[in-house]
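**Student:** So here's structure22.cif, just mmCIF, C-alpha atoms:
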data_model
#
loop_
_atom_site.label_atom_id
_atom_site.label_comp_id
_atom_site.auth_asym_id
_atom_site.auth_seq_id
_atom_site.Cartn_x
_atom_site.Cartn_y
_atom_site.Cartn_z
CA MET A 1395 -77.27 -12.61 50.23
CA PRO A 1396 -75.36 -13.90 47.17
CA GLU A 1397 -75.05 -11.64 44.14
CA ALA A 1398 -77.58 -12.48 41.44
CA ARG A 1399 -76.05 -14.05 38.35
CA PRO A 1400 -76.84 -12.32 35.06
CA SER A 1401 -79.20 -14.02 32.68
CA PRO A 1402 -77.50 -16.38 30.21
CA TRP A 1403 -76.56 -14.87 26.88
CA TRP A 1404 -79.26 -16.94 25.16
CA SER A 1405 -82.13 -15.59 27.28
CA PRO A 1406 -84.52 -13.73 24.92
CA GLN A 1407 -84.37 -10.46 26.84
CA ARG A 1408 -80.60 -10.36 27.08
CA HIS A 1409 -80.23 -11.32 23.44
CA ALA A 1410 -82.64 -8.55 22.46
CA ASP A 1411 -80.49 -6.08 24.42
CA ARG A 1412 -77.34 -7.29 22.69
CA ARG A 1413 -78.72 -7.60 19.18
CA PRO A 1414 -78.07 -3.97 18.11
CA PHE A 1415 -74.42 -4.46 19.05
CA LEU A 1416 -74.27 -7.69 17.06
CA GLU A 1417 -75.85 -6.03 14.04
CA GLY A 1418 -73.18 -3.34 14.30
CA ARG A 1419 -70.55 -6.06 14.42
CA GLY A 1420 -71.88 -7.45 11.14
CA ARG A 1421 -71.75 -4.08 9.44
CA ILE A 1422 -68.16 -3.52 10.57
CA THR A 1423 -67.17 -7.02 9.41
CA ARG A 1424 -68.54 -6.36 5.94
CA ALA A 1425 -66.96 -2.91 5.82
CA PHE A 1426 -63.53 -4.26 6.72
CA ARG A 1427 -63.64 -7.00 4.10
CA ALA A 1428 -64.66 -4.45 1.49
CA TRP A 1429 -61.82 -2.12 2.55
CA PHE A 1430 -59.18 -4.83 2.28
CA GLU A 1431 -60.50 -6.00 -1.08
CA ALA A 1432 -60.44 -2.43 -2.40
CA HIS A 1433 -56.79 -2.14 -1.32
CA GLY A 1434 -55.59 -5.28 -3.06
CA PHE A 1435 -55.50 -7.71 -0.15
CA THR A 1436 -56.33 -11.42 -0.34
CA GLU A 1437 -58.23 -12.97 2.55
CA VAL A 1438 -56.58 -16.12 3.88
CA GLU A 1439 -57.70 -18.79 6.34
CA THR A 1440 -55.05 -20.38 8.54
CA ALA A 1441 -55.09 -23.62 10.52
CA ALA A 1442 -56.01 -23.09 14.17
CA LEU A 1443 -54.06 -26.15 15.37
CA GLN A 1444 -50.31 -25.51 15.48
CA VAL A 1445 -47.19 -27.19 16.86
CA SER A 1446 -46.49 -23.95 18.75
CA PRO A 1447 -49.14 -21.44 19.81
CA GLY A 1448 -46.62 -18.60 19.77
CA ASN A 1449 -43.48 -17.88 21.77
CA GLU A 1450 -44.29 -14.82 23.83
CA ALA A 1451 -43.62 -15.21 27.54
CA HIS A 1452 -46.95 -13.96 28.88
CA LEU A 1453 -49.33 -15.59 26.42
CA HIS A 1454 -51.12 -18.76 27.55
CA ALA A 1455 -52.49 -21.30 25.13
CA PHE A 1456 -55.05 -24.09 25.05
CA ALA A 1457 -53.30 -27.43 24.66
CA THR A 1458 -54.70 -30.50 22.97
CA GLU A 1459 -53.38 -33.51 21.09
CA ALA A 1460 -53.82 -35.18 17.73
CA LEU A 1461 -53.87 -38.93 17.40
CA THR A 1462 -52.06 -40.57 14.53
CA THR A 1463 -53.71 -43.42 12.62
CA ALA A 1464 -51.75 -45.72 14.92
CA GLY A 1465 -53.25 -44.03 17.98
CA GLU A 1466 -50.06 -42.22 19.03
CA ALA A 1467 -50.57 -38.81 20.63
CA ARG A 1468 -48.99 -35.69 19.17
CA PRO A 1469 -49.23 -32.44 21.19
CA LEU A 1470 -50.83 -29.47 19.44
CA TYR A 1471 -52.12 -26.05 20.50
CA LEU A 1472 -54.90 -23.70 19.45
CA HIS A 1473 -53.09 -20.71 18.02
CA THR A 1474 -52.97 -17.43 19.94
CA SER A 1475 -52.50 -15.63 16.61
CA PRO A 1476 -52.35 -16.59 12.92
CA GLU A 1477 -49.01 -14.79 12.69
CA PHE A 1478 -46.69 -17.73 12.00
CA ALA A 1479 -48.98 -19.08 9.28
CA CYS A 1480 -49.46 -15.68 7.65
CA LYS A 1481 -45.73 -15.03 7.54
CA SER A 1482 -45.23 -18.46 6.01
CA LEU A 1483 -47.70 -17.44 3.30
CA LEU A 1484 -45.56 -14.36 2.64
CA ALA A 1485 -42.60 -16.71 2.26
CA ALA A 1486 -44.71 -18.70 -0.22
CA GLY A 1487 -45.14 -15.62 -2.39
CA GLU A 1488 -48.22 -13.73 -1.15
CA ARG A 1489 -47.82 -9.95 -1.04
CA ARG A 1490 -50.86 -8.44 0.70
CA ILE A 1491 -52.97 -10.71 2.89
CA PHE A 1492 -55.42 -10.46 5.76
CA SER A 1493 -57.04 -12.93 8.13
CA LEU A 1494 -60.23 -12.33 10.13
CA GLY A 1495 -60.74 -15.31 12.37
CA LYS A 1496 -60.83 -16.89 15.81
CA VAL A 1497 -57.84 -17.17 18.13
CA TRP A 1498 -57.61 -18.56 21.66
CA ARG A 1499 -55.80 -17.32 24.76
CA ASN A 1500 -56.02 -19.01 28.12
CA ARG A 1501 -56.07 -17.29 31.52
CA GLU A 1502 -57.89 -14.29 29.99
CA ARG A 1503 -61.41 -13.19 30.94
CA GLY A 1504 -62.84 -9.79 31.79
CA PRO A 1505 -64.57 -6.75 30.28
CA LEU A 1506 -61.88 -6.54 27.57
CA HIS A 1507 -60.71 -10.18 27.47
CA HIS A 1508 -62.28 -13.43 26.31
CA PRO A 1509 -60.68 -16.87 25.92
CA GLU A 1510 -61.92 -17.09 22.31
CA PHE A 1511 -61.99 -13.92 20.25
CA THR A 1512 -61.65 -12.59 16.73
CA MET A 1513 -58.36 -11.19 15.52
CA LEU A 1514 -57.75 -9.21 12.37
CA GLU A 1515 -54.22 -9.65 11.04
CA TRP A 1516 -52.86 -8.15 7.85
CA TYR A 1517 -49.47 -7.97 6.15
CA ARG A 1518 -47.83 -5.85 3.47
CA ALA A 1519 -44.72 -7.27 1.82
CA ALA A 1520 -41.98 -4.76 0.95
CA GLU A 1521 -43.76 -1.88 2.73
CA ALA A 1522 -42.71 0.17 5.75
CA TYR A 1523 -44.51 -0.19 9.05
CA GLU A 1524 -45.72 3.40 8.80
CA ALA A 1525 -48.11 2.05 6.16
CA ILE A 1526 -49.65 -0.12 8.89
CA MET A 1527 -50.10 3.01 11.02
CA ASP A 1528 -52.08 4.55 8.16
CA ASP A 1529 -54.11 1.34 7.85
CA CYS A 1530 -55.01 1.48 11.54
CA ALA A 1531 -56.31 5.04 11.19
CA ALA A 1532 -58.34 4.07 8.12
CA LEU A 1533 -59.84 1.00 9.81
CA MET A 1534 -60.94 3.01 12.85
CA ARG A 1535 -62.69 5.46 10.56
CA ARG A 1536 -64.32 2.64 8.62
CA ALA A 1537 -65.53 0.98 11.85
CA ALA A 1538 -67.11 4.22 13.07
CA GLU A 1539 -68.79 4.85 9.74
CA ALA A 1540 -70.22 1.32 9.65
CA ALA A 1541 -71.48 1.69 13.22
CA GLY A 1542 -73.04 5.08 12.46
CA THR A 1543 -71.07 6.96 15.11
CA ARG A 1544 -68.69 9.90 15.28
CA GLU A 1545 -66.76 8.69 18.31
CA LEU A 1546 -65.39 5.59 20.00
CA THR A 1547 -66.39 5.26 23.65
CA TRP A 1548 -65.58 3.09 26.64
CA ARG A 1549 -66.49 3.74 30.25
CA GLU A 1550 -66.13 7.51 30.68
CA GLY A 1551 -63.71 7.98 27.79
CA ALA A 1552 -64.23 9.14 24.21
CA CYS A 1553 -62.01 9.20 21.14
CA ASP A 1554 -62.49 10.78 17.73
CA PRO A 1555 -61.62 8.06 15.18
CA PHE A 1556 -61.60 10.62 12.37
CA ALA A 1557 -58.82 12.67 14.01
CA GLU A 1558 -55.19 12.14 13.00
CA PRO A 1559 -53.65 9.74 15.56
CA GLU A 1560 -51.00 11.08 17.89
CA ARG A 1561 -47.65 9.33 17.40
CA LEU A 1562 -45.79 8.97 20.68
CA THR A 1563 -42.64 6.95 21.35
CA VAL A 1564 -42.47 4.78 24.46
CA ALA A 1565 -39.59 6.94 25.72
CA GLU A 1566 -41.70 10.09 25.29
CA ALA A 1567 -44.67 8.45 27.03
CA PHE A 1568 -42.55 7.35 30.00
CA ASP A 1569 -41.24 10.87 30.41
CA ARG A 1570 -44.63 12.57 29.93
CA TYR A 1571 -46.83 10.32 32.07
CA ALA A 1572 -44.42 8.81 34.61
CA GLY A 1573 -41.47 11.21 34.74
CA ILE A 1574 -39.22 8.22 34.02
CA ASP A 1575 -36.26 7.90 31.67
CA LEU A 1576 -36.83 4.71 29.68
CA PHE A 1577 -33.10 4.19 29.27
CA GLY A 1578 -32.21 4.89 32.89
CA ASP A 1579 -32.52 2.71 36.01
CA LEU A 1580 -36.19 1.77 35.76
CA ALA A 1581 -36.45 0.06 39.16
CA ALA A 1582 -34.94 3.00 41.06
CA GLN A 1583 -37.09 5.53 39.19
CA ALA A 1584 -40.26 3.48 39.69
CA LYS A 1585 -39.61 3.25 43.43
CA ALA A 1586 -38.97 6.99 43.58
CA ALA A 1587 -42.34 7.48 41.85
CA GLY A 1588 -44.06 5.50 44.61
CA MET A 1589 -44.58 2.30 42.64
CA ARG A 1590 -44.23 -1.14 44.19
CA VAL A 1591 -41.16 -2.96 42.89
CA ALA A 1592 -40.39 -6.41 44.27
CA ASP A 1593 -36.82 -7.51 44.94
CA ASP A 1594 -37.10 -10.27 42.35
CA ASP A 1595 -38.63 -8.07 39.63
CA VAL A 1596 -36.52 -8.10 36.48
CA TRP A 1597 -36.30 -5.19 34.02
CA ALA A 1598 -39.24 -6.49 31.97
CA ASP A 1599 -41.44 -6.70 35.08
CA VAL A 1600 -40.78 -3.07 35.98
CA PHE A 1601 -41.29 -1.94 32.39
CA SER A 1602 -44.66 -3.68 32.30
CA LYS A 1603 -45.76 -2.12 35.60
CA ILE A 1604 -44.94 1.37 34.36
CA ILE A 1605 -46.77 0.81 31.07
CA VAL A 1606 -49.87 -0.64 32.76
CA GLU A 1607 -50.09 1.76 35.71
CA LYS A 1608 -48.79 5.05 34.35
CA VAL A 1609 -49.00 5.06 30.57
CA GLU A 1610 -51.81 2.97 29.07
CA PRO A 1611 -54.63 4.61 31.10
CA ARG A 1612 -53.69 7.99 29.55
CA LEU A 1613 -53.63 7.01 25.88
CA GLY A 1614 -56.19 7.51 23.14
CA PHE A 1615 -58.45 10.14 24.69
CA GLY A 1616 -59.74 12.79 22.33
CA ARG A 1617 -57.87 11.20 19.45
CA PRO A 1618 -56.18 7.82 18.91
CA THR A 1619 -52.63 7.25 20.09
CA ILE A 1620 -49.96 5.25 18.28
CA LEU A 1621 -47.39 4.24 20.91
CA CYS A 1622 -44.24 3.31 19.00
CA GLU A 1623 -40.55 2.41 19.27
CA TYR A 1624 -40.74 -0.22 22.00
CA PRO A 1625 -37.49 -1.42 23.58
CA THR A 1626 -36.14 -4.26 21.47
CA SER A 1627 -36.41 -6.66 24.41
CA GLU A 1628 -40.19 -6.01 24.41
CA ALA A 1629 -40.62 -6.65 20.68
CA ALA A 1630 -39.66 -10.27 20.06
CA LEU A 1631 -41.10 -10.38 16.53
CA ALA A 1632 -40.10 -6.91 15.31
CA ARG A 1633 -36.96 -5.71 13.58
CA LYS A 1634 -34.70 -3.17 15.25
CA LYS A 1635 -35.08 0.46 14.27
CA ALA A 1636 -32.42 1.60 11.83
CA GLY A 1637 -30.03 3.93 13.64
CA ASP A 1638 -31.15 3.01 17.16
CA PRO A 1639 -30.92 -0.71 18.02
CA ARG A 1640 -32.22 -0.01 21.55
CA VAL A 1641 -35.74 0.15 20.11
CA ALA A 1642 -37.72 -1.83 17.56
CA GLU A 1643 -40.32 -1.15 14.89
CA ARG A 1644 -43.26 -2.04 17.10
CA PHE A 1645 -46.29 0.11 17.82
CA GLU A 1646 -49.59 -0.31 19.62
CA LEU A 1647 -52.82 1.53 18.82
CA TYR A 1648 -54.93 2.94 21.67
CA ALA A 1649 -58.37 4.50 21.98
CA CYS A 1650 -60.05 5.39 25.31
CA GLY A 1651 -57.16 3.80 27.20
CA VAL A 1652 -57.80 0.48 25.44
CA GLU A 1653 -55.14 -1.32 23.42
CA LEU A 1654 -56.62 -2.13 20.02
CA ALA A 1655 -53.70 -3.27 17.86
CA ASN A 1656 -50.11 -4.51 18.05
CA CYS A 1657 -48.06 -4.00 14.90
CA PHE A 1658 -44.52 -4.57 13.63
CA GLY A 1659 -41.93 -3.97 11.02
CA GLU A 1660 -41.40 -7.72 10.84
CA LEU A 1661 -38.21 -9.46 11.86
CA THR A 1662 -37.06 -11.73 9.02
CA ASP A 1663 -33.71 -12.92 10.39
CA ALA A 1664 -34.36 -16.55 11.33
CA ALA A 1665 -31.25 -16.88 13.51
CA GLU A 1666 -32.09 -13.76 15.52
CA GLN A 1667 -35.72 -14.85 15.78
CA ARG A 1668 -34.60 -18.17 17.30
CA VAL A 1669 -32.52 -16.35 19.89
CA ARG A 1670 -35.46 -14.11 20.81
CA PHE A 1671 -37.87 -17.05 21.04
CA GLU A 1672 -35.48 -18.89 23.33
CA ALA A 1673 -35.20 -15.81 25.55
CA GLU A 1674 -38.99 -15.48 25.68
CA MET A 1675 -39.39 -19.13 26.62
CA ALA A 1676 -36.71 -18.84 29.31
CA GLU A 1677 -38.71 -15.95 30.78
CA LYS A 1678 -41.90 -18.00 30.56
CA GLN A 1679 -40.18 -20.83 32.42
CA ARG A 1680 -38.99 -18.38 35.09
CA VAL A 1681 -42.40 -16.83 35.67
CA TYR A 1682 -44.85 -19.66 34.97
CA GLY A 1683 -42.80 -22.85 35.10
CA GLU A 1684 -43.59 -23.89 31.53
CA ARG A 1685 -42.51 -23.28 27.95
CA TYR A 1686 -43.87 -23.90 24.46
CA PRO A 1687 -42.00 -25.59 21.62
CA ILE A 1688 -40.35 -23.52 18.92
CA ASP A 1689 -41.90 -23.99 15.48
CA GLU A 1690 -38.96 -25.13 13.37
CA ASP A 1691 -41.07 -25.10 10.21
CA PHE A 1692 -41.86 -21.42 10.77
CA LEU A 1693 -38.19 -20.56 11.27
CA SER A 1694 -37.39 -22.34 8.02
CA ALA A 1695 -40.08 -20.32 6.23
CA LEU A 1696 -38.72 -17.11 7.76
CA GLU A 1697 -35.51 -17.59 5.77
CA LEU A 1698 -37.57 -17.04 2.60
CA MET A 1699 -39.88 -14.34 3.94
CA PRO A 1700 -39.53 -10.92 2.25
CA GLU A 1701 -39.24 -7.68 4.18
CA ALA A 1702 -42.75 -6.90 5.42
CA SER A 1703 -44.88 -5.08 7.95
CA GLY A 1704 -47.99 -6.32 9.67
CA GLY A 1705 -50.66 -5.64 12.24
CA ALA A 1706 -52.87 -7.57 14.64
CA LEU A 1707 -56.09 -5.86 15.76
CA GLY A 1708 -58.50 -7.07 18.42
CA PHE A 1709 -61.63 -6.94 16.31
CA ASP A 1710 -64.11 -7.44 19.17
CA ARG A 1711 -62.57 -4.58 21.15
CA LEU A 1712 -62.86 -2.16 18.26
CA VAL A 1713 -66.47 -3.25 17.73
CA MET A 1714 -67.14 -2.63 21.44
CA LEU A 1715 -65.86 0.92 21.26
CA ALA A 1716 -67.67 1.66 17.99
CA VAL A 1717 -71.11 0.40 19.09
CA GLY A 1718 -70.88 1.59 22.71
CA ALA A 1719 -70.85 -1.82 24.41
CA ARG A 1720 -69.51 -2.18 27.95
CA ARG A 1721 -68.22 -5.76 27.88
CA ILE A 1722 -66.69 -7.93 25.19
CA GLU A 1723 -69.45 -10.56 25.63
CA ASP A 1724 -71.95 -7.98 24.39
CA VAL A 1725 -70.46 -8.12 20.89
CA LEU A 1726 -69.95 -11.92 20.70
CA TRP A 1727 -72.80 -13.94 19.20
CA THR A 1728 -72.13 -16.92 21.49
CA PRO A 1729 -69.75 -16.25 24.39
CA VAL A 1730 -67.77 -19.11 25.93
CA ALA A 1731 -69.47 -20.54 29.03
CA GLU A 1732 -67.93 -19.48 32.34
#
Would you write the structure of this file as structure tokens?
**Tutor:**
Amino acid sequence: MPEARPSPWWSPQRHADRRPFLEGRGRITRAFRAWFEAHGFTEVETAALQVSPGNEAHLHAFATEALTTAGEARPLYLHTSPEFACKSLLAAGERRIFSLGKVWRNRERGPLHHPEFTMLEWYRAAEAYEAIMDDCAALMRRAAEAAGTRELTWREGACDPFAEPERLTVAEAFDRYAGIDLFGDLAAQAKAAGMRVADDDVWADVFSKIIVEKVEPRLGFGRPTILCEYPTSEAALARKKAGDPRVAERFELYACGVELANCFGELTDAAEQRVRFEAEMAEKQRVYGERYPIDEDFLSALELMPEASGGALGFDRLVMLAVGARRIEDVLWTPVAE
């Protein structure tokens, strides 16, 4: 007997079940805007259609085209992040900005993934990326307060958003949770730990498997975790850490084993950024047989961009954990049809 399909999101009963979550979403939205305004940020709105959706190997975009007045087709993409546009605004002279808006990522659907979702991005010119760590802690507290809860929850896990986040380097996490030296032979160590490593897996493939299987499921329980100092090869948009070029100023925020934010001390060297984009697109070609164009206008703007730090937070995921929802569709007013 086939499994019964759930009622559509617009059925009165299902909507009534979801409405408390959606009301919580509204309170958190208002609280976040008030927090950013109180801290001197300007809200910006960026164009969703871009010549490049982003140049990270494992992100997949929605492609479309624009027609000129002569009827000629020009390829465009729905952005996977407002990052390029926000950084261009920093180049234009903005100092503290945030964007709370829709982004699109293809090939993503599940309890924590949706093809259209809301991303919060914010940037601080001339400020260290540790300031973004402090912002993340403050935003988690603000979300919990707006939702009227003392803890973030998902599945069987719980996290105290009012506790000081643990700061853990990727190297420390690999050693603690996998018994693996990040700077050693990853493939050999992963095999010795009983993990499946294919003959054609490159270093990045093995790194990703260790993160996903051994590390991420252990982060953010009891209190939030800030996982920082990613290998430079895994931080295409972040600057290298002063004193240790093996790692970059990138961190991710976790609660209940769920990644909530991805943040950087921003790379502002246009020539190095081009090299990294080309490497990412070569990897995309290797794995998926496709590549996205490089946004030359963005690279030109990067030459004027000041030193800055920024963060990207999956707003719907944080709402989920704050209101106690089980699936991302429960906190979306109108989910995309399957």
**Student:** Set out as a Markdown table a contact list for range 1552-1594 of chain A and range 1505-1528 of chain A with a cut-off of 12 Å, giving each residue of range 1552-1594 of chain A that qualifies its closest atom pair and distance in Å to one decimal, counting all atoms listed in the file, ordered by chain and rising residue number.
**Tutor:**
| residue | atom | partner | partner_atom | distance |
| --- | --- | --- | --- | --- |
| A:Glu1558 | CA | A:Asp1528 | CA | 9.5 |
| A:Pro1559 | CA | A:Met1527 | CA | 8.9 |
| A:Glu1560 | CA | A:Met1527 | CA | 10.6 |
| A:Arg1561 | CA | A:Met1527 | CA | 9.3 |
**Student:** Hey, which of A:Ile1491, A:Ala1676, A:Cys1553, A:Val1445 ends up closest to Arg1612 in chain A? Count only C-alpha atoms.
**Tutor:** A:Cys1553
**Student:** Need to verify the contact set: Ala1719 in chain A, 12 Å, all atoms listed in the file, exclusion of same-chain residues closer than 2 positions in sequence. Can you return it as a list in words?
**Tutor:**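 What passes the distance filter is Asp1411, Arg1412, Arg1413, Pro1414, Phe1415, Leu1416, Gly1418, Arg1419, Pro1505, Leu1506, Ala1541, Leu1546, Thr1547, Trp1548, Arg1549, Asp1710, Arg1711, Leu1712, Val1713, Met1714, Leu1715, Ala1716, Val1717, Arg1721, Ile1722, Glu1723, Asp1724, Val1725 and Leu1726 of chain A.
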**Student:** Deliver the residues from the most recent selection as a file, using C-alpha atoms, as a compact mmCIF listing (two decimals), in the frame of the given file.
**Tutor:**
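Result saved to again-v5.txt:
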# COMPACT_ATOMS: atom_id res chain seq x y z
CA ASP A 1411 -80.49 -6.08 24.42
CA ARG A 1412 -77.34 -7.29 22.69
CA ARG A 1413 -78.72 -7.60 19.18
CA PRO A 1414 -78.07 -3.97 18.11
CA PHE A 1415 -74.42 -4.46 19.05
CA LEU A 1416 -74.27 -7.69 17.06
CA GLY A 1418 -73.18 -3.34 14.30
CA ARG A 1419 -70.55 -6.06 14.42
CA PRO A 1505 -64.57 -6.75 30.28
CA LEU A 1506 -61.88 -6.54 27.57
CA ALA A 1541 -71.48 1.69 13.22
CA LEU A 1546 -65.39 5.59 20.00
CA THR A 1547 -66.39 5.26 23.65
CA TRP A 1548 -65.58 3.09 26.64
CA ARG A 1549 -66.49 3.74 30.25
CA ASP A 1710 -64.11 -7.44 19.17
CA ARG A 1711 -62.57 -4.58 21.15
CA LEU A 1712 -62.86 -2.16 18.26
CA VAL A 1713 -66.47 -3.25 17.73
CA MET A 1714 -67.14 -2.63 21.44
CA LEU A 1715 -65.86 0.92 21.26
CA ALA A 1716 -67.67 1.66 17.99
CA VAL A 1717 -71.11 0.40 19.09
CA ARG A 1721 -68.22 -5.76 27.88
CA ILE A 1722 -66.69 -7.93 25.19
CA GLU A 1723 -69.45 -10.56 25.63
CA ASP A 1724 -71.95 -7.98 24.39
CA VAL A 1725 -70.46 -8.12 20.89
CA LEU A 1726 -69.95 -11.92 20.70
**Student:** Can you measure CA of Val1564 in chain A to CA of Gly1551 in chain A for me? One decimal in Å is fine.
**Tutor:**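 That distance, rounded to one decimal, is 21.7 Å.
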**Student:** For this structure, which residues satisfy the selection - the PyMOL selection byres ((chain A and resi 1581-1588) around 9) - when it is evaluated on the file as given? I want them as a PDB file with C-alpha atoms, keeping the file's coordinate frame.
**Tutor:**
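Output file result_28.pdb follows:
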ATOM      1  CA  ALA A1572     -44.420   8.810  34.610  1.00  0.00           C
ATOM      2  CA  GLY A1573     -41.470  11.210  34.740  1.00  0.00           C
ATOM      3  CA  ILE A1574     -39.220   8.220  34.020  1.00  0.00           C
ATOM      4  CA  ASP A1575     -36.260   7.900  31.670  1.00  0.00           C
ATOM      5  CA  GLY A1578     -32.210   4.890  32.890  1.00  0.00           C
ATOM      6  CA  ASP A1579     -32.520   2.710  36.010  1.00  0.00           C
ATOM      7  CA  LEU A1580     -36.190   1.770  35.760  1.00  0.00           C
ATOM      8  CA  MET A1589     -44.580   2.300  42.640  1.00  0.00           C
ATOM      9  CA  ARG A1590     -44.230  -1.140  44.190  1.00  0.00           C
ATOM     10  CA  VAL A1591     -41.160  -2.960  42.890  1.00  0.00           C
ATOM     11  CA  ASP A1595     -38.630  -8.070  39.630  1.00  0.00           C
ATOM     12  CA  VAL A1596     -36.520  -8.100  36.480  1.00  0.00           C
ATOM     13  CA  TRP A1597     -36.300  -5.190  34.020  1.00  0.00           C
ATOM     14  CA  VAL A1600     -40.780  -3.070  35.980  1.00  0.00           C
ATOM     15  CA  PHE A1601     -41.290  -1.940  32.390  1.00  0.00           C
ATOM     16  CA  LYS A1603     -45.760  -2.120  35.600  1.00  0.00           C
ATOM     17  CA  ILE A1604     -44.940   1.370  34.360  1.00  0.00           C
TER      18      ILE A1604
END
**Student:** Name the residues captured by the PyMOL selection byres ((chain A and resi 1687-1704) around 9) when it is applied to the shown file; answer as a PDB file with C-alpha atoms, in the coordinates of the input.
**Tutor:**
ATOM      1  CA  GLN A1444     -50.310 -25.510  15.480  1.00  0.00           C
ATOM      2  CA  VAL A1445     -47.190 -27.190  16.860  1.00  0.00           C
ATOM      3  CA  SER A1446     -46.490 -23.950  18.750  1.00  0.00           C
ATOM      4  CA  PRO A1447     -49.140 -21.440  19.810  1.00  0.00           C
ATOM      5  CA  GLY A1448     -46.620 -18.600  19.770  1.00  0.00           C
ATOM      6  CA  ASN A1449     -43.480 -17.880  21.770  1.00  0.00           C
ATOM      7  CA  PHE A1478     -46.690 -17.730  12.000  1.00  0.00           C
ATOM      8  CA  ALA A1479     -48.980 -19.080   9.280  1.00  0.00           C
ATOM      9  CA  LYS A1481     -45.730 -15.030   7.540  1.00  0.00           C
ATOM     10  CA  SER A1482     -45.230 -18.460   6.010  1.00  0.00           C
ATOM     11  CA  LEU A1483     -47.700 -17.440   3.300  1.00  0.00           C
ATOM     12  CA  LEU A1484     -45.560 -14.360   2.640  1.00  0.00           C
ATOM     13  CA  ALA A1485     -42.600 -16.710   2.260  1.00  0.00           C
ATOM     14  CA  ALA A1486     -44.710 -18.700  -0.220  1.00  0.00           C
ATOM     15  CA  GLY A1487     -45.140 -15.620  -2.390  1.00  0.00           C
ATOM     16  CA  ARG A1489     -47.820  -9.950  -1.040  1.00  0.00           C
ATOM     17  CA  GLU A1515     -54.220  -9.650  11.040  1.00  0.00           C
ATOM     18  CA  TRP A1516     -52.860  -8.150   7.850  1.00  0.00           C
ATOM     19  CA  TYR A1517     -49.470  -7.970   6.150  1.00  0.00           C
ATOM     20  CA  ARG A1518     -47.830  -5.850   3.470  1.00  0.00           C
ATOM     21  CA  ALA A1519     -44.720  -7.270   1.820  1.00  0.00           C
ATOM     22  CA  ALA A1520     -41.980  -4.760   0.950  1.00  0.00           C
ATOM     23  CA  GLU A1521     -43.760  -1.880   2.730  1.00  0.00           C
ATOM     24  CA  ALA A1522     -42.710   0.170   5.750  1.00  0.00           C
ATOM     25  CA  TYR A1523     -44.510  -0.190   9.050  1.00  0.00           C
ATOM     26  CA  GLU A1524     -45.720   3.400   8.800  1.00  0.00           C
ATOM     27  CA  ALA A1525     -48.110   2.050   6.160  1.00  0.00           C
ATOM     28  CA  ILE A1526     -49.650  -0.120   8.890  1.00  0.00           C
ATOM     29  CA  ALA A1632     -40.100  -6.910  15.310  1.00  0.00           C
ATOM     30  CA  ASN A1656     -50.110  -4.510  18.050  1.00  0.00           C
ATOM     31  CA  CYS A1657     -48.060  -4.000  14.900  1.00  0.00           C
ATOM     32  CA  PHE A1658     -44.520  -4.570  13.630  1.00  0.00           C
ATOM     33  CA  GLY A1659     -41.930  -3.970  11.020  1.00  0.00           C
ATOM     34  CA  GLU A1660     -41.400  -7.720  10.840  1.00  0.00           C
ATOM     35  CA  LEU A1661     -38.210  -9.460  11.860  1.00  0.00           C
ATOM     36  CA  THR A1662     -37.060 -11.730   9.020  1.00  0.00           C
ATOM     37  CA  ASP A1663     -33.710 -12.920  10.390  1.00  0.00           C
ATOM     38  CA  ALA A1664     -34.360 -16.550  11.330  1.00  0.00           C
ATOM     39  CA  ALA A1665     -31.250 -16.880  13.510  1.00  0.00           C
ATOM     40  CA  GLN A1667     -35.720 -14.850  15.780  1.00  0.00           C
ATOM     41  CA  ARG A1668     -34.600 -18.170  17.300  1.00  0.00           C
ATOM     42  CA  PHE A1671     -37.870 -17.050  21.040  1.00  0.00           C
ATOM     43  CA  GLU A1672     -35.480 -18.890  23.330  1.00  0.00           C
ATOM     44  CA  MET A1675     -39.390 -19.130  26.620  1.00  0.00           C
ATOM     45  CA  ARG A1685     -42.510 -23.280  27.950  1.00  0.00           C
ATOM     46  CA  TYR A1686     -43.870 -23.900  24.460  1.00  0.00           C
ATOM     47  CA  GLY A1705     -50.660  -5.640  12.240  1.00  0.00           C
ATOM     48  CA  ALA A1706     -52.870  -7.570  14.640  1.00  0.00           C
TER      49      ALA A1706
END
**Student:** A:Ala1464, A:Ile1605, A:Leu1654, A:Ala1442: which is nearest Pro1476 in chain A, counting only C-alpha atoms?
**Tutor:**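 Using only C-alpha atoms, the shortest distance to Pro1476 in chain A belongs to A:Ala1442.
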